[in-house]
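Quick notes on the structure that follows.
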Amino acid sequence: MKRAIRADYRVAMTALCAALDGVLGVAEAQTAEDQSVEVVIVTGSRIQQNEFDAPTPTISLSSAAIELSGTTNLTDLLRSRPALVGSKDSTQTTNDFIGSNGLNLLNLRNLGKDRTLVLVDGRRHVAQLPETAAVDINTIPADLVERIDIVTGGVSAIYGADAVSGVVNFVMRKNFEGLVGRLQYGSADAGNPGDLQASLTGGFNFANGRGNLSGSIQHTREGRLRASDRSYLRGANYTTMRRNPDDFPDDPNVPDQIPTNDLRYDSSSREGAIDIDIDEEDEGRYIADLRPDGTAYDLGVFIPPYFAQGGTGTPVADYIGDLRSKNENTIGSLFLNFELNPSVNLFAETKFARGTAVGFYQPTYDFDLFFTPDNPYISPALAAQIQPEGFFVTRDNFDLGVRGEDNTRETIRTVLGINGGFLDGYSYEVSYVYGQTEIDSLAINNRYNDRFFAAIDVVADPLSGAPTCRSNLDPSALPDDPIFHLPELSFTPGPNSGCLPLNILGEGVATAAAIDWVMLNNRTRSRITQNVFTAFAAGPLPGITLPAGAIDTVAGMEWRRETSRSTPPWEDQAGLTFGNVILPSDGSFDVKEAFVELRAPILKDLAYTELLQLSGAARVSDYSTVGNTVTWNLGALWAPVRDISFRATVSESVRAPNIGELFGPQSQTYEGIDDPCGMSQLNNGTSYRTANCSAMLNALSIDPIGYDDPNPGDSIPGLSQGNAALSEETARSYTFGTVLRPRFAPGLALAIDYYDINIKNAISTATAQVIANTCVDQPSIDNVFCDALRRNATTGAIESFIVQPENVASYRTRGIDFNVSYLLDPALLGVDSYIGSFGISLLGSRLERLTTIPTLGADQIDERTTAYAPKLQTSLDLTWYFHGFTAFYGYDHFSKTSRYDLLTRAGNPDIASSKNIDYDAYDMHTLSLAFDFKGGYRLYAGVRNLTDERPDYSLNYPVSAVGRFYYGGFKMSLGAAP
């Protein structure tokens, strides 16, 4: 009986050890009786080797770790790992940018999604975000993942461009036998959202074991989470950091920003804010006087530039929209492996993934709409107070419908290839990957601007006296938008135009028919394709044998072609709708590459040198866009004894500009800019800002003393475009580390690694606000950011801008990673245990540097300790196994982070009080229990965010607004490994 118990422990501990993070490559269990190490393909190299021989720091998450976490979203789990803390799951991408709803994007080392290469089984995966190489992790079926390898160093020489900060490789299950099904449901303690996952995986061998066919289908649903679902984000309860009204223009002894609740827009409301003094401006702004019913408008306490605390205005909380869109993903996968003969094995796989994401964010809004006194919808009380010239209305159009997106993404990925061995000790692989993503993005509650302006210009019909559109009676009375300036019309003015009068003087007073005439839903369609052909051979270098063995080599070639095309609806292309003019985009590139990789065992099995090994790789690439590039890496591993090893790598990686950065069409855009030279912003930048603003304004013959933004809060027209003159960016990466696996403590492993990544000639696309700030925050105004701005020669106000990517930035990050795992299994020591066994895993990272230099000659901006860049991060997992019962506890933490970059804090010490200058630390507790029954059945349940942590003065940071979340599930494994 004791022997049977011990065998049961070994099986269980194999699963437990696999659930812990690997410190040397692939996390594989080793019993005291069997110290053999499995030879595998370790991510970061194409040479077959074991984890002990891998010089590149790699962290692995197994399928057991994924299951114990209880998450239905792989990115949620990966974001808890220090290197991936800056990644975005569904709560970060909802309404992050147009087309973002539902995406899950990985970001290694906080260097950006475009510098993180996502692979599946070591091969590239087609993107889901047009004009980029960004892979949506939702397209990877969680229940088919065998392990996830995170390589935190530059490996462009192995995998090509984009692997600047590293690689995340999803290794999938193959040669599956049996049937596994899983069903899981969870819901937040505070109500909404509810999440569901269901999957079924099966496979069988055939042809006397020479072939295997397996398949899987998985459906995941993430429920919608509105801001209104959380009481602390509703209306007056919503608190955020805003300008201190008692600190204007700026008192260095008073905090510039303070927590503010009941924040509203000062002269804009849902029913319409009326300004009757149309010939007068207050500090460059039109100020509301009345409500549509003629009663006084309460301005509240003014907070620059255009907010108020209290009053009649629209609460800022109303504009938050969804915190997480409703997301559904279905993935069907099929795998085939067939041995044609001992030297040729055929493999094929195909996958279809369909994802939908529906989210809503904010309504249309309008500033200073001009109304004439003859509009029949004007109330008598209002008519008695307006001037003969008319009045202005500023309005938040919630009653016309909240805008949203319904995104459908369909991805097909097919892999075909052969591999096998030849001669003695040589192997090869030839593969072709085709991927295609089609995206159908439906804009919900978009607006025809020309119809809207025609519909609100209402007069009384001279025959019937009923309200009608002025353009129905007078076709020459063409509508015009003072901001967007309509280039053409979507209707023909006149009696048969279809225009219906739209009443917006009050909330909820417009007719449904009139709303339908001015609003529309329209679609943008995009297609992304990827073709990759790869061939390589591996084996010992002929004719050379070192004292410790042969030199292992890999040599191969690769060809890749990427395309992206997007076609917005004609209404958007013509500039007829609310927002920006959007033009079609169409771009492609191809690259031809050759690569080689070597591993040379110099010494082996000697005193004080259990192993000394050198490795290297190089890749030569020829891009159709940027020309030739060369990448390389060198690695060394020295193990004086088996218990300890030292490792080091140095590499040079590149990232070629993506399709959008190169070929993005010139499109119109509008952004609000807080003028950094205005009185309220002058002290909120670097020490250069005041002098630069003075020089810039003096050049326009404008006195900088007392200057303030003439148009605060106004949308400023600009242009967004790609830059065909971009070149590749280059990164130099270093890692140094040590690994301990002491024989006197079976199951204990410790790794400590130092990393340093320096990116030069980096591609950066700044927002209009960043352009304006960076222009005057540099040592000189002679920079590309000032070149991208134009100021009005009379007023000095910023009147236009150009947003485009530039090779102007550099990034530098360095830090220390540590990783400890301990499997405390009495059975490994030959001792019977009646209390079960324990697994401990601790991952951590200390960030020493994260800096940006936005342009040559500029001061560096220290982003360490800013959002998602904590100084210290740890992830602790504790697991207890006892005869079919598993208890898991996870604790994720990162230290407090700053609301402002450190350069801003240095230049403006009073930006916030010591109490409010930082975000709270991140603390997340997870607890789960699982019960295994005979026959391969498991029941499990758990809770994430056990202590119900809430966001800081933010929407989803440092924790999301989902709150405490309970889940439970059932899993069956019939004829298959659990």
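Naming scheme: A, B, ... for chains in displayed order of the structure tokens; residues 1 onward per chain; ligands 1 onward as shown.
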Residues of segment 886-906 of chain A that approach segment 831-853 of chain A to 12 Å or less, counting only C-alpha atoms: could you list each one with the shortest pair of atoms and its distance in Å to one decimal, rows by chain and increasing residue number, as a Markdown table?
```
| residue | atom | partner | partner_atom | distance |
| --- | --- | --- | --- | --- |
| A:Thr886 | CA | A:Gly836 | CA | 9.7 |
| A:Ala887 | CA | A:Phe838 | CA | 9.6 |
| A:Phe888 | CA | A:Gly839 | CA | 9.3 |
| A:Tyr889 | CA | A:Ile840 | CA | 9.9 |
| A:Gly890 | CA | A:Ser841 | CA | 9.4 |
| A:Tyr891 | CA | A:Leu842 | CA | 9.5 |
| A:Asp892 | CA | A:Leu843 | CA | 9.4 |
| A:His893 | CA | A:Gly844 | CA | 9.3 |
| A:Phe894 | CA | A:Ser845 | CA | 9.3 |
| A:Ser895 | CA | A:Arg846 | CA | 10.0 |
| A:Thr897 | CA | A:Leu847 | CA | 11.9 |
| A:Asp901 | CA | A:Thr851 | CA | 10.0 |
| A:Leu902 | CA | A:Thr851 | CA | 9.9 |
| A:Leu903 | CA | A:Thr851 | CA | 10.3 |
```
Write the residues you've just listed into a file as a compact mmCIF listing (two decimals), in the first residue's frame, and include C-alpha atoms for each of them.
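File part_25.txt, as written:
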```txt
# COMPACT_ATOMS: atom_id res chain seq x y z
CA THR A 886 -5.69 20.48 -4.52
CA ALA A 887 -5.65 23.86 -2.79
CA PHE A 888 -4.06 26.83 -4.53
CA TYR A 889 -3.30 30.33 -3.26
CA GLY A 890 -1.83 33.07 -5.43
CA TYR A 891 -0.69 36.51 -4.39
CA ASP A 892 0.38 39.12 -6.94
CA HIS A 893 1.86 42.43 -5.87
CA PHE A 894 3.57 45.43 -7.33
CA SER A 895 4.71 48.52 -5.51
CA THR A 897 3.48 53.79 -8.95
CA ASP A 901 6.54 60.76 -14.99
CA LEU A 902 9.53 61.66 -12.88
CA LEU A 903 10.68 64.47 -15.18
```
| task | Name all residues at most 12 Å from Leu183 of chain A (count only C-alpha atoms; drop same-chain ones fewer than 4 positions away) and give them as a ChimeraX atom specification. | result | /A:67,70,72,143,195-200,218-221,937-941,967-972
Residues from last step as file, C-alpha atoms, as a PDB file, in the first residue's frame:
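Heads up, here's the output in result_8.pdb:
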```pdb
ATOM      1  CA  GLU A  67      -6.022  25.754 -14.868  1.00  0.00           C
ATOM      2  CA  GLY A  70      -9.094  29.823 -12.843  1.00  0.00           C
ATOM      3  CA  THR A  72     -10.720  32.197 -18.847  1.00  0.00           C
ATOM      4  CA  ASP A 143      -7.232  24.363 -23.213  1.00  0.00           C
ATOM      5  CA  ASP A 195     -17.746  34.875 -17.721  1.00  0.00           C
ATOM      6  CA  LEU A 196     -18.177  31.456 -19.334  1.00  0.00           C
ATOM      7  CA  GLN A 197     -15.791  28.976 -20.889  1.00  0.00           C
ATOM      8  CA  ALA A 198     -16.625  25.620 -22.470  1.00  0.00           C
ATOM      9  CA  SER A 199     -14.250  23.375 -24.371  1.00  0.00           C
ATOM     10  CA  LEU A 200     -14.001  19.873 -25.779  1.00  0.00           C
ATOM     11  CA  GLN A 218     -13.513  26.220 -27.315  1.00  0.00           C
ATOM     12  CA  HIS A 219     -16.025  28.962 -26.591  1.00  0.00           C
ATOM     13  CA  THR A 220     -15.326  31.811 -24.198  1.00  0.00           C
ATOM     14  CA  ARG A 221     -17.620  34.639 -23.204  1.00  0.00           C
ATOM     15  CA  TYR A 937     -13.551  13.827 -13.205  1.00  0.00           C
ATOM     16  CA  ARG A 938     -12.710  17.070 -11.433  1.00  0.00           C
ATOM     17  CA  LEU A 939     -14.776  19.745  -9.683  1.00  0.00           C
ATOM     18  CA  TYR A 940     -13.171  23.061  -8.842  1.00  0.00           C
ATOM     19  CA  ALA A 941     -14.073  26.506  -7.561  1.00  0.00           C
ATOM     20  CA  TYR A 967     -15.947  30.954 -10.406  1.00  0.00           C
ATOM     21  CA  GLY A 968     -16.527  27.227 -10.529  1.00  0.00           C
ATOM     22  CA  GLY A 969     -16.127  24.492 -13.078  1.00  0.00           C
ATOM     23  CA  PHE A 970     -16.209  20.835 -14.061  1.00  0.00           C
ATOM     24  CA  LYS A 971     -13.636  18.897 -16.062  1.00  0.00           C
ATOM     25  CA  MET A 972     -13.634  15.367 -17.386  1.00  0.00           C
TER      26      MET A 972
END
```
Considering only C-alpha atoms, return as a PDB file with N, CA and C atoms, in the first residue's frame whatever protein or nucleic-acid residues lie within 12 Å of Ile137 of chain A, sequence-local ones (same chain, fewer than 6 positions apart) excluded.
```pdb
ATOM      1  N   THR A  72     -10.293  32.574 -17.498  1.00  0.00           N
ATOM      2  CA  THR A  72     -10.720  32.197 -18.847  1.00  0.00           C
ATOM      3  C   THR A  72     -10.012  33.056 -19.884  1.00  0.00           C
ATOM      4  N   ASN A  73      -9.126  33.920 -19.437  1.00  0.00           N
ATOM      5  CA  ASN A  73      -8.420  34.843 -20.310  1.00  0.00           C
ATOM      6  C   ASN A  73      -6.930  34.699 -20.043  1.00  0.00           C
ATOM      7  N   LEU A  74      -6.172  34.193 -21.020  1.00  0.00           N
ATOM      8  CA  LEU A  74      -4.750  33.940 -20.822  1.00  0.00           C
ATOM      9  C   LEU A  74      -3.987  35.216 -20.474  1.00  0.00           C
ATOM     10  N   THR A  75      -4.396  36.339 -21.020  1.00  0.00           N
ATOM     11  CA  THR A  75      -3.677  37.579 -20.752  1.00  0.00           C
ATOM     12  C   THR A  75      -3.800  37.987 -19.296  1.00  0.00           C
ATOM     13  N   ASP A  76      -4.928  37.706 -18.661  1.00  0.00           N
ATOM     14  CA  ASP A  76      -5.075  37.999 -17.234  1.00  0.00           C
ATOM     15  C   ASP A  76      -3.972  37.320 -16.434  1.00  0.00           C
ATOM     16  N   LEU A  77      -3.688  36.064 -16.770  1.00  0.00           N
ATOM     17  CA  LEU A  77      -2.644  35.331 -16.067  1.00  0.00           C
ATOM     18  C   LEU A  77      -1.263  35.857 -16.426  1.00  0.00           C
ATOM     19  N   LEU A  78      -1.024  36.097 -17.699  1.00  0.00           N
ATOM     20  CA  LEU A  78       0.300  36.543 -18.125  1.00  0.00           C
ATOM     21  C   LEU A  78       0.642  37.919 -17.562  1.00  0.00           C
ATOM     22  N   SER A  87       1.016  44.474 -20.301  1.00  0.00           N
ATOM     23  CA  SER A  87       0.127  43.920 -21.325  1.00  0.00           C
ATOM     24  C   SER A  87      -1.307  44.397 -21.099  1.00  0.00           C
ATOM     25  N   LYS A  88      -2.112  44.284 -22.161  1.00  0.00           N
ATOM     26  CA  LYS A  88      -3.484  44.782 -22.088  1.00  0.00           C
ATOM     27  C   LYS A  88      -4.470  43.643 -22.291  1.00  0.00           C
ATOM     28  N   ASP A  89      -5.355  43.453 -21.305  1.00  0.00           N
ATOM     29  CA  ASP A  89      -6.453  42.519 -21.473  1.00  0.00           C
ATOM     30  C   ASP A  89      -7.701  43.294 -21.868  1.00  0.00           C
ATOM     31  N   SER A  90      -8.854  42.648 -21.780  1.00  0.00           N
ATOM     32  CA  SER A  90     -10.085  43.259 -22.291  1.00  0.00           C
ATOM     33  C   SER A  90     -10.473  44.531 -21.552  1.00  0.00           C
ATOM     34  N   GLY A 102     -12.128  44.281 -27.248  1.00  0.00           N
ATOM     35  CA  GLY A 102     -11.975  42.844 -27.233  1.00  0.00           C
ATOM     36  C   GLY A 102     -10.571  42.342 -27.429  1.00  0.00           C
ATOM     37  N   LEU A 103      -9.635  43.179 -27.853  1.00  0.00           N
ATOM     38  CA  LEU A 103      -8.277  42.718 -28.097  1.00  0.00           C
ATOM     39  C   LEU A 103      -7.545  42.431 -26.792  1.00  0.00           C
ATOM     40  N   ASN A 104      -6.634  41.450 -26.834  1.00  0.00           N
ATOM     41  CA  ASN A 104      -5.730  41.159 -25.733  1.00  0.00           C
ATOM     42  C   ASN A 104      -4.317  41.160 -26.307  1.00  0.00           C
ATOM     43  N   LEU A 105      -3.489  42.113 -25.877  1.00  0.00           N
ATOM     44  CA  LEU A 105      -2.201  42.370 -26.507  1.00  0.00           C
ATOM     45  C   LEU A 105      -1.087  42.304 -25.462  1.00  0.00           C
ATOM     46  N   LEU A 106      -0.020  41.574 -25.782  1.00  0.00           N
ATOM     47  CA  LEU A 106       1.092  41.389 -24.859  1.00  0.00           C
ATOM     48  C   LEU A 106       2.149  42.469 -25.055  1.00  0.00           C
ATOM     49  N   ASN A 107       2.809  42.818 -23.935  1.00  0.00           N
ATOM     50  CA  ASN A 107       3.805  43.887 -23.940  1.00  0.00           C
ATOM     51  C   ASN A 107       4.915  43.506 -22.974  1.00  0.00           C
ATOM     52  N   LYS A 113       3.727  46.753 -27.563  1.00  0.00           N
ATOM     53  CA  LYS A 113       3.217  45.540 -28.209  1.00  0.00           C
ATOM     54  C   LYS A 113       3.937  45.255 -29.515  1.00  0.00           C
ATOM     55  N   LEU A 117       7.219  39.750 -29.733  1.00  0.00           N
ATOM     56  CA  LEU A 117       6.880  38.779 -30.767  1.00  0.00           C
ATOM     57  C   LEU A 117       6.113  37.618 -30.143  1.00  0.00           C
ATOM     58  N   VAL A 118       4.922  37.348 -30.657  1.00  0.00           N
ATOM     59  CA  VAL A 118       4.091  36.248 -30.196  1.00  0.00           C
ATOM     60  C   VAL A 118       4.193  35.106 -31.198  1.00  0.00           C
ATOM     61  N   LEU A 119       4.532  33.914 -30.715  1.00  0.00           N
ATOM     62  CA  LEU A 119       4.679  32.733 -31.555  1.00  0.00           C
ATOM     63  C   LEU A 119       3.743  31.636 -31.084  1.00  0.00           C
ATOM     64  N   VAL A 120       3.423  30.740 -31.974  1.00  0.00           N
ATOM     65  CA  VAL A 120       2.711  29.513 -31.637  1.00  0.00           C
ATOM     66  C   VAL A 120       3.559  28.359 -32.158  1.00  0.00           C
ATOM     67  N   HIS A 125       2.392  34.124 -36.020  1.00  0.00           N
ATOM     68  CA  HIS A 125       0.931  34.061 -36.054  1.00  0.00           C
ATOM     69  C   HIS A 125       0.417  35.346 -36.683  1.00  0.00           C
ATOM     70  N   VAL A 126      -0.598  35.250 -37.511  1.00  0.00           N
ATOM     71  CA  VAL A 126      -1.151  36.419 -38.173  1.00  0.00           C
ATOM     72  C   VAL A 126      -1.748  37.366 -37.135  1.00  0.00           C
ATOM     73  N   ALA A 127      -1.673  38.671 -37.424  1.00  0.00           N
ATOM     74  CA  ALA A 127      -2.158  39.693 -36.502  1.00  0.00           C
ATOM     75  C   ALA A 127      -3.674  39.827 -36.571  1.00  0.00           C
ATOM     76  N   GLN A 128      -4.229  40.518 -35.563  1.00  0.00           N
ATOM     77  CA  GLN A 128      -5.666  40.842 -35.540  1.00  0.00           C
ATOM     78  C   GLN A 128      -5.902  42.343 -35.484  1.00  0.00           C
ATOM     79  N   LEU A 129      -4.855  43.118 -35.470  1.00  0.00           N
ATOM     80  CA  LEU A 129      -4.963  44.570 -35.462  1.00  0.00           C
ATOM     81  C   LEU A 129      -4.378  45.083 -36.770  1.00  0.00           C
ATOM     82  N   VAL A 145      -3.189  24.657 -24.771  1.00  0.00           N
ATOM     83  CA  VAL A 145      -1.844  25.100 -24.451  1.00  0.00           C
ATOM     84  C   VAL A 145      -1.170  24.087 -23.528  1.00  0.00           C
ATOM     85  N   ILE A 148       3.471  27.869 -21.827  1.00  0.00           N
ATOM     86  CA  ILE A 148       3.770  29.181 -22.394  1.00  0.00           C
ATOM     87  C   ILE A 148       5.180  29.541 -21.975  1.00  0.00           C
ATOM     88  N   VAL A 168       7.042  35.575 -26.613  1.00  0.00           N
ATOM     89  CA  VAL A 168       6.097  34.749 -25.863  1.00  0.00           C
ATOM     90  C   VAL A 168       5.645  33.648 -26.818  1.00  0.00           C
ATOM     91  N   ASN A 169       5.997  32.410 -26.478  1.00  0.00           N
ATOM     92  CA  ASN A 169       5.742  31.269 -27.359  1.00  0.00           C
ATOM     93  C   ASN A 169       4.711  30.347 -26.718  1.00  0.00           C
ATOM     94  N   PHE A 170       3.612  30.132 -27.407  1.00  0.00           N
ATOM     95  CA  PHE A 170       2.568  29.229 -26.935  1.00  0.00           C
ATOM     96  C   PHE A 170       2.814  27.854 -27.560  1.00  0.00           C
ATOM     97  N   ASN A 329     -15.608  34.525 -27.991  1.00  0.00           N
ATOM     98  CA  ASN A 329     -14.613  33.948 -28.878  1.00  0.00           C
ATOM     99  C   ASN A 329     -14.846  32.453 -29.016  1.00  0.00           C
ATOM    100  N   ILE A 331     -13.159  29.064 -31.001  1.00  0.00           N
ATOM    101  CA  ILE A 331     -11.971  28.608 -31.718  1.00  0.00           C
ATOM    102  C   ILE A 331     -12.112  27.117 -31.998  1.00  0.00           C
ATOM    103  N   ALA A 353     -10.808  30.937 -35.838  1.00  0.00           N
ATOM    104  CA  ALA A 353     -11.196  31.662 -34.622  1.00  0.00           C
ATOM    105  C   ALA A 353     -12.116  32.809 -35.003  1.00  0.00           C
ATOM    106  N   GLY A 355     -14.155  35.982 -33.183  1.00  0.00           N
ATOM    107  CA  GLY A 355     -14.372  36.762 -31.981  1.00  0.00           C
ATOM    108  C   GLY A 355     -15.262  37.954 -32.244  1.00  0.00           C
ATOM    109  N   THR A 411     -10.342  34.700 -37.940  1.00  0.00           N
ATOM    110  CA  THR A 411      -8.959  34.354 -38.251  1.00  0.00           C
ATOM    111  C   THR A 411      -8.872  32.904 -38.706  1.00  0.00           C
TER     112      THR A 411
END
```
Just the residues within 10 Å of Gly539 of chain A, please, counting only C-alpha atoms, with nothing from its chain fewer than 5 positions along; format it as a JSON list (two decimals) with C-alpha atoms, in the first residue's frame.
```
[["chain", "number", "residue", "atom", "x", "y", "z"],
["A", 47, "ILE", "CA", 18.78, 23.45, -31.37],
["A", 48, "GLN", "CA", 17.48, 20.49, -29.43],
["A", 421, "GLY", "CA", 15.89, 12.85, -39.56],
["A", 422, "PHE", "CA", 18.55, 11.93, -42.07],
["A", 423, "LEU", "CA", 22.06, 10.53, -42.04],
["A", 424, "ASP", "CA", 23.26, 10.13, -38.46],
["A", 425, "GLY", "CA", 22.11, 12.77, -36.00],
["A", 426, "TYR", "CA", 20.74, 15.28, -38.51],
["A", 427, "SER", "CA", 17.19, 16.61, -38.69],
["A", 428, "TYR", "CA", 15.23, 18.99, -40.86],
["A", 550, "ALA", "CA", 30.25, 18.05, -31.46],
["A", 551, "ILE", "CA", 29.23, 21.57, -32.40],
["A", 552, "ASP", "CA", 25.49, 21.59, -32.92],
["A", 553, "THR", "CA", 24.27, 23.76, -35.75],
["A", 554, "VAL", "CA", 21.10, 24.98, -37.37],
["A", 555, "ALA", "CA", 21.02, 26.67, -40.75],
["A", 598, "LEU", "CA", 25.66, 27.26, -33.27]]
```
| message | Env of segment 625-631 of chain A: 6 Å cut, atoms = only C-alpha atoms, seq-sep filter 3 positions within chain, self excluded. Answer as number ranges by chain. | response | A: 157, 618-622, 652-653, 727
Selection above as a file: C-alpha atoms, as a PDB file, in the first residue's frame:
```
ATOM      1  CA  ALA A 157      18.544  36.355 -34.746  1.00  0.00           C
ATOM      2  CA  ALA A 618      23.043  35.370 -36.820  1.00  0.00           C
ATOM      3  CA  ARG A 619      20.360  36.372 -39.286  1.00  0.00           C
ATOM      4  CA  VAL A 620      20.635  38.394 -42.476  1.00  0.00           C
ATOM      5  CA  SER A 621      17.399  39.958 -43.745  1.00  0.00           C
ATOM      6  CA  ASP A 622      16.417  41.782 -46.898  1.00  0.00           C
ATOM      7  CA  GLU A 652      21.469  42.848 -31.292  1.00  0.00           C
ATOM      8  CA  SER A 653      17.862  42.855 -32.493  1.00  0.00           C
ATOM      9  CA  SER A 727      14.225  53.017 -40.993  1.00  0.00           C
TER      10      SER A 727
END
```
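Comparing the minimum interatomic distances between Gly181 of chain A and each of A:Ile217, A:Ala161, A:Met519, A:Ala443, counting only C-alpha atoms, we find that A:Ile217 sits nearest.
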| field | Per-residue DSSP, segment 528-690 of chain A, filtered to helix (DSSP H, G or I), as number ranges by chain | value | A: 570-573, 659-663, 689-690
Only N, CA and C atoms, please: the residues just picked out, written as a PDB file, in the first residue's frame.
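As a result, again_34.pdb now contains:
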```pdb
ATOM      1  N   TRP A 570     -17.913  54.817 -46.966  1.00  0.00           N
ATOM      2  CA  TRP A 570     -17.779  56.008 -47.811  1.00  0.00           C
ATOM      3  C   TRP A 570     -18.126  57.273 -47.044  1.00  0.00           C
ATOM      4  N   GLU A 571     -19.050  57.171 -46.082  1.00  0.00           N
ATOM      5  CA  GLU A 571     -19.440  58.362 -45.315  1.00  0.00           C
ATOM      6  C   GLU A 571     -18.245  58.908 -44.527  1.00  0.00           C
ATOM      7  N   ASP A 572     -17.425  57.981 -43.958  1.00  0.00           N
ATOM      8  CA  ASP A 572     -16.244  58.421 -43.221  1.00  0.00           C
ATOM      9  C   ASP A 572     -15.179  58.970 -44.162  1.00  0.00           C
ATOM     10  N   GLN A 573     -15.036  58.335 -45.327  1.00  0.00           N
ATOM     11  CA  GLN A 573     -14.050  58.811 -46.289  1.00  0.00           C
ATOM     12  C   GLN A 573     -14.393  60.218 -46.787  1.00  0.00           C
ATOM     13  N   ILE A 659       3.360  48.071 -41.178  1.00  0.00           N
ATOM     14  CA  ILE A 659       2.647  48.607 -42.342  1.00  0.00           C
ATOM     15  C   ILE A 659       2.016  49.963 -42.042  1.00  0.00           C
ATOM     16  N   GLY A 660       1.400  50.094 -40.884  1.00  0.00           N
ATOM     17  CA  GLY A 660       0.767  51.363 -40.552  1.00  0.00           C
ATOM     18  C   GLY A 660       1.756  52.490 -40.405  1.00  0.00           C
ATOM     19  N   GLU A 661       2.910  52.202 -39.776  1.00  0.00           N
ATOM     20  CA  GLU A 661       3.922  53.239 -39.602  1.00  0.00           C
ATOM     21  C   GLU A 661       4.482  53.714 -40.940  1.00  0.00           C
ATOM     22  N   LEU A 662       4.556  52.816 -41.888  1.00  0.00           N
ATOM     23  CA  LEU A 662       5.096  53.167 -43.195  1.00  0.00           C
ATOM     24  C   LEU A 662       4.053  53.755 -44.141  1.00  0.00           C
ATOM     25  N   PHE A 663       2.902  53.092 -44.224  1.00  0.00           N
ATOM     26  CA  PHE A 663       1.960  53.374 -45.299  1.00  0.00           C
ATOM     27  C   PHE A 663       0.637  53.968 -44.838  1.00  0.00           C
ATOM     28  N   ARG A 689      10.575  74.726 -20.322  1.00  0.00           N
ATOM     29  CA  ARG A 689       9.304  75.125 -20.917  1.00  0.00           C
ATOM     30  C   ARG A 689       9.112  76.638 -20.941  1.00  0.00           C
ATOM     31  N   THR A 690       9.380  77.316 -19.844  1.00  0.00           N
ATOM     32  CA  THR A 690       9.117  78.750 -19.781  1.00  0.00           C
ATOM     33  C   THR A 690       9.926  79.517 -20.822  1.00  0.00           C
TER      34      THR A 690
END
```
| task | List every residue of segment 551-668 of chain A that DSSP, applied to the backbone of this structure, places in strand (DSSP E or B), and write the result as a VMD selection string. | result | chain A and resid 551 to 567 577 585 to 606 609 to 623 627 to 641 644 to 655 667 to 668
For segment 358-369 of chain A, find every residue with an atom within 6 Å (counting only C-alpha atoms), except residues of its own chain fewer than 3 positions away, and show them as a short mmCIF file (atom, residue, chain, number, x, y, z; two decimals) with N, CA and C atoms, in the first residue's frame.
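Listing of selection32.cif after writing:
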```
data_model
loop_
_atom_site.label_atom_id
_atom_site.label_comp_id
_atom_site.auth_asym_id
_atom_site.auth_seq_id
_atom_site.Cartn_x
_atom_site.Cartn_y
_atom_site.Cartn_z
N TYR A 319 -19.49 59.94 -19.27
CA TYR A 319 -18.69 59.72 -20.47
C TYR A 319 -17.76 58.51 -20.35
N GLY A 321 -18.46 55.29 -20.10
CA GLY A 321 -18.88 54.20 -20.97
C GLY A 321 -18.57 52.84 -20.38
N ASP A 322 -18.24 51.90 -21.23
CA ASP A 322 -17.98 50.53 -20.78
C ASP A 322 -16.56 50.39 -20.26
N SER A 325 -15.90 45.52 -22.70
CA SER A 325 -16.91 45.19 -23.71
C SER A 325 -17.39 43.76 -23.51
N LYS A 326 -18.50 43.44 -24.15
CA LYS A 326 -18.98 42.06 -24.16
C LYS A 326 -18.22 41.32 -25.26
N PHE A 392 -26.18 80.43 -28.60
CA PHE A 392 -25.37 79.23 -28.79
C PHE A 392 -25.87 78.12 -27.86
N VAL A 393 -25.73 76.88 -28.35
CA VAL A 393 -26.06 75.71 -27.55
C VAL A 393 -24.87 74.75 -27.55
N THR A 394 -24.47 74.32 -26.37
CA THR A 394 -23.44 73.29 -26.24
C THR A 394 -24.08 72.09 -25.57
N ARG A 395 -23.91 70.91 -26.18
CA ARG A 395 -24.77 69.79 -25.78
C ARG A 395 -24.04 68.46 -25.85
N ASP A 396 -24.39 67.56 -24.94
CA ASP A 396 -23.92 66.17 -24.93
C ASP A 396 -25.12 65.31 -25.31
N ASN A 397 -25.06 64.69 -26.48
CA ASN A 397 -26.26 64.12 -27.11
C ASN A 397 -26.53 62.67 -26.70
N PHE A 398 -26.67 62.42 -25.42
CA PHE A 398 -26.95 61.06 -24.95
C PHE A 398 -28.28 60.54 -25.49
N VAL A 402 -25.77 56.43 -27.61
CA VAL A 402 -24.36 56.36 -27.24
C VAL A 402 -23.60 55.61 -28.33
N ARG A 403 -22.49 56.17 -28.74
CA ARG A 403 -21.69 55.53 -29.79
C ARG A 403 -21.00 54.28 -29.26
N GLY A 404 -20.80 53.34 -30.17
CA GLY A 404 -20.14 52.10 -29.77
C GLY A 404 -19.56 51.39 -30.97
N GLU A 405 -19.00 50.23 -30.71
CA GLU A 405 -18.41 49.40 -31.76
C GLU A 405 -18.86 47.96 -31.60
N ASP A 406 -19.13 47.34 -32.70
CA ASP A 406 -19.40 45.91 -32.75
C ASP A 406 -18.37 45.31 -33.70
#
```
